[in-house]
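**Q** One structure is given below, represented as C-alpha cells, and several questions about it will come after.
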Amino acid sequence: KAGVTQTPRYLIKTRGQQVTLSCSPISGHRSVSWYQQTPGQGLQFLFEYFSETQRNKGNFPGRFSGRQFSNSRSEMNVSTLELGDSALYLCASSLGLADSTDTQYFGPGTRLTVL
Amino acid sequence: AQKITQTQPGMFVQEKEAVTLDCTYDTSDPSYGLFWYKQPSSGEMIFLIYQGSYDQQNATEGRYSLNFQKARKSANLVISASQLGDSAMYFCAMREGDDMRFGAGTRLTVKP
C-alpha cells in the first residue's frame, strides 16, 4: 500500500508570494491533517480535513487555508508569504475515526524557504 | 496548558544498549491514545507504536516497547539494542477524540 505523498518536496519563494502544497493520503484514509514544524515552535497543528470538510483548525492566521477533494487529496495554501513561514510542512493521513485509536501516518514533508 | 511533556531535549546511548525516552501527559479523559513517532534528519515522521488508555498490557513492536504507567500518566518509549540508525528525533503524542497533541521531542544520538 502506498504511503502518504507530498509535493513538492522543496520550495523556495519570496515574501509576498503565495504557495500551494499538495498531499495524497493513504488509500482508504479520509482524514488529512497539516502541521507546520519549525526549530523554534516545534510541531504545530494547522488544520484537519475529513470528507471534504474542515473538522479542526489550529491557531494560525487566515493566510493559511486548505481544502480537500472528493478523492481525499488535500491542498494547503499560504498567501502573502512571510519570512516566518519558512518551515517543514507535514501532512498526515488517518482513517478519520475521531477516536483515540486513530493513527496518523505522515508524508515526507515539504520544506518551504521564504526569502 | 502543555498536555505532553518530554523532559529530555537530548539523549545519548551506546550502540547495542537499551534506552528509555520519557513522556508524561495530562488528561482527564478516560479514553485516549498514546503514540510515538521517529523523525530522522530526512524529516518524515515515522509511526512507531501505539498504546490505548484501556490496554492492559504494554505495547511492543519489535525493538520498541512502551512502558505505560497510567496512574503516573507516563508513557515512556524503550528502545532495546540500539542501532546507529536509531539516531533521530522522537516525539510522543496523545489523542483525545479528534484532538492530537505532540510533545517537543527528544533527540537521540546513538554512539558507535
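Scheme for the C-alpha cells: letters A, B, ... for chains in order shown; per-chain residue numbers from 1; ligand numbers from 1 in order shown.
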Kindly provide, as a PyMOL selection string, the residues of chain A having any atom no farther than 6 Å from an atom of chain B, counting only C-alpha atoms.

**A** chain A and resi 98-101+106+108

**Q** List as a list in words the protein and nucleic acid residues near stretch 15-24 of chain A, meaning an atom at most 6 Å away when only C-alpha atoms are counted, but skip any in the same chain fewer than 2 places from it.

**A** Val4, Thr5, Gln6, Thr7, Arg73, Ser74, Glu75, Met76, Asn77, Val78, Ser79, Thr80, Leu81 and Glu82 of chain A

**Q** Can you write just those residues out, C-alpha atoms, as an mmCIF file, in the first residue's frame?

**A**
```cif
data_model
loop_
_atom_site.group_PDB
_atom_site.id
_atom_site.type_symbol
_atom_site.label_atom_id
_atom_site.label_comp_id
_atom_site.auth_asym_id
_atom_site.auth_seq_id
_atom_site.Cartn_x
_atom_site.Cartn_y
_atom_site.Cartn_z
ATOM 1 C CA VAL A 4 1.400 9.454 2.100
ATOM 2 C CA THR A 5 2.869 11.553 -0.675
ATOM 3 C CA GLN A 6 3.552 15.252 -0.619
ATOM 4 C CA THR A 7 4.514 17.522 -3.464
ATOM 5 C CA ARG A 73 -6.345 14.524 -1.608
ATOM 6 C CA SER A 74 -5.715 17.787 0.157
ATOM 7 C CA GLU A 75 -4.059 21.069 -0.676
ATOM 8 C CA MET A 76 -2.772 23.742 1.627
ATOM 9 C CA ASN A 77 -2.344 27.331 0.535
ATOM 10 C CA VAL A 78 -0.351 30.106 2.144
ATOM 11 C CA SER A 79 -0.887 33.586 0.773
ATOM 12 C CA THR A 80 1.273 36.676 1.226
ATOM 13 C CA LEU A 81 4.251 34.690 2.423
ATOM 14 C CA GLU A 82 6.338 35.983 5.314
#
```

**Q** What's the 8 Å shell around stretch 5-20 of chain B, counting only C-alpha atoms, without same-chain residues fewer than 2 positions away, as a ChimeraX atom specification?

**A** /B:2-3,22-25,76-84,92,103-112

**Q** Could you check the closest approach to A:Gly42 for each of A:Leu11, A:Tyr89, A:Leu95, A:Leu115 and tell me which residue wins, using only C-alpha atoms?

**A** A:Tyr89

**Q** What gap, in Å, lies between atom CA of A:Val114 and atom CA of A:Gly84?

**A** 7.7 Å

**Q** Name all residues at most 6 Å from A:Gly58 (count only C-alpha atoms; drop same-chain ones fewer than 3 positions away) and give them as a ChimeraX atom specification.

**A** /A:45-47

**Q** Could you pull out the strand (DSSP E or B) residues of chain A, going by DSSP on the backbone, and write them as JSON, numbers by chain?

**A** {"A": [5, 6, 7, 10, 11, 12, 13, 19, 20, 21, 22, 23, 24, 31, 32, 33, 34, 35, 36, 37, 38, 42, 43, 44, 45, 46, 47, 48, 49, 50, 53, 54, 55, 56, 57, 64, 65, 66, 67, 68, 74, 75, 76, 77, 78, 87, 88, 89, 90, 91, 92, 93, 94, 105, 106, 110, 111, 112, 113, 114]}

**Q** Please compute the atom CA of B:Gly62-atom CA of B:Tyr90 distance, one decimal, in Å.

**A**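 One can read the atom CA of B:Gly62 to atom CA of B:Tyr90 distance as 16.5 Å.
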
**Q** Compile the contact shell of A:Phe60 as JSON, numbers by chain: residues with an atom at most 12 Å away, counting only C-alpha atoms, same-chain residues fewer than 2 positions apart removed.

**A** {"A": [34, 35, 36, 44, 45, 46, 47, 56, 57, 58, 62, 63, 64, 65, 66, 78, 85]}

**Q** Go ahead and save the residues from that selection, with C-alpha atoms, as a PDB file, in the first residue's frame.

**A**
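selection_34.pdb, freshly written:
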```pdb
ATOM      1  CA  TRP A  34      -1.487  19.541   8.208  1.00  0.00           C
ATOM      2  CA  TYR A  35       1.311  20.581  10.548  1.00  0.00           C
ATOM      3  CA  GLN A  36       3.982  23.240  10.492  1.00  0.00           C
ATOM      4  CA  GLN A  44       2.135  22.981  15.303  1.00  0.00           C
ATOM      5  CA  PHE A  45      -1.272  21.840  14.091  1.00  0.00           C
ATOM      6  CA  LEU A  46      -2.720  23.806  11.186  1.00  0.00           C
ATOM      7  CA  PHE A  47      -5.970  22.074  10.288  1.00  0.00           C
ATOM      8  CA  ASN A  56     -10.435  21.101  13.203  1.00  0.00           C
ATOM      9  CA  LYS A  57      -8.355  24.214  12.983  1.00  0.00           C
ATOM     10  CA  GLY A  58      -5.246  25.356  14.810  1.00  0.00           C
ATOM     11  CA  GLY A  62      -6.261  33.326   7.714  1.00  0.00           C
ATOM     12  CA  ARG A  63      -3.368  33.394   5.237  1.00  0.00           C
ATOM     13  CA  PHE A  64      -3.220  29.662   5.812  1.00  0.00           C
ATOM     14  CA  SER A  65      -6.039  27.794   4.163  1.00  0.00           C
ATOM     15  CA  GLY A  66      -6.756  24.354   2.867  1.00  0.00           C
ATOM     16  CA  VAL A  78      -0.351  30.106   2.144  1.00  0.00           C
ATOM     17  CA  ASP A  85       6.545  30.870   7.157  1.00  0.00           C
TER      18      ASP A  85
END
```

**Q** Do you know which residues are at most 12 Å from B:Gln56 counting only C-alpha atoms, after dropping those on the same chain fewer than 2 positions away, and could you put them as an MDAnalysis selection string?

**A** chainID B and resid 51:54 58:59 67:70

**Q** Just to be explicit: take each residue in the selection above, keep C-alpha atoms, and write the result as a PDB file, in the first residue's frame.

**A**
```pdb
ATOM      1  CA  GLN B  51      -0.925   2.387  23.413  1.00  0.00           C
ATOM      2  CA  GLY B  52      -4.605   2.751  24.234  1.00  0.00           C
ATOM      3  CA  SER B  53      -5.663   4.000  27.658  1.00  0.00           C
ATOM      4  CA  TYR B  54      -7.697   0.847  28.261  1.00  0.00           C
ATOM      5  CA  ASN B  58       2.289  -2.575  27.460  1.00  0.00           C
ATOM      6  CA  ALA B  59       2.542  -2.266  23.688  1.00  0.00           C
ATOM      7  CA  ASN B  67       6.259   1.472  29.409  1.00  0.00           C
ATOM      8  CA  PHE B  68       2.726   2.628  30.214  1.00  0.00           C
ATOM      9  CA  GLN B  69       2.140   3.727  33.804  1.00  0.00           C
ATOM     10  CA  LYS B  70      -1.398   5.023  33.826  1.00  0.00           C
TER      11      LYS B  70
END
```

**Q** Which one is closest to A:Thr38: A:Ile12, A:Leu112, A:Leu97, A:Cys91? Count only C-alpha atoms.

**A**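 Ranking A:Ile12, A:Leu112, A:Leu97, A:Cys91 by distance to A:Thr38, first place goes to A:Leu112.
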
**Q** Work out how far atom CA of A:Ser51 is from atom CA of A:Phe69, in Å to one decimal.

**A**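 A separation of 8.0 Å between them.
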
**Q** So which one's closest to A:Val32, A:Thr14, A:Thr53, A:Ser70, A:Ser93? Using only C-alpha atoms, please.

**A**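 Smallest separation from A:Val32 among the options: A:Ser93.
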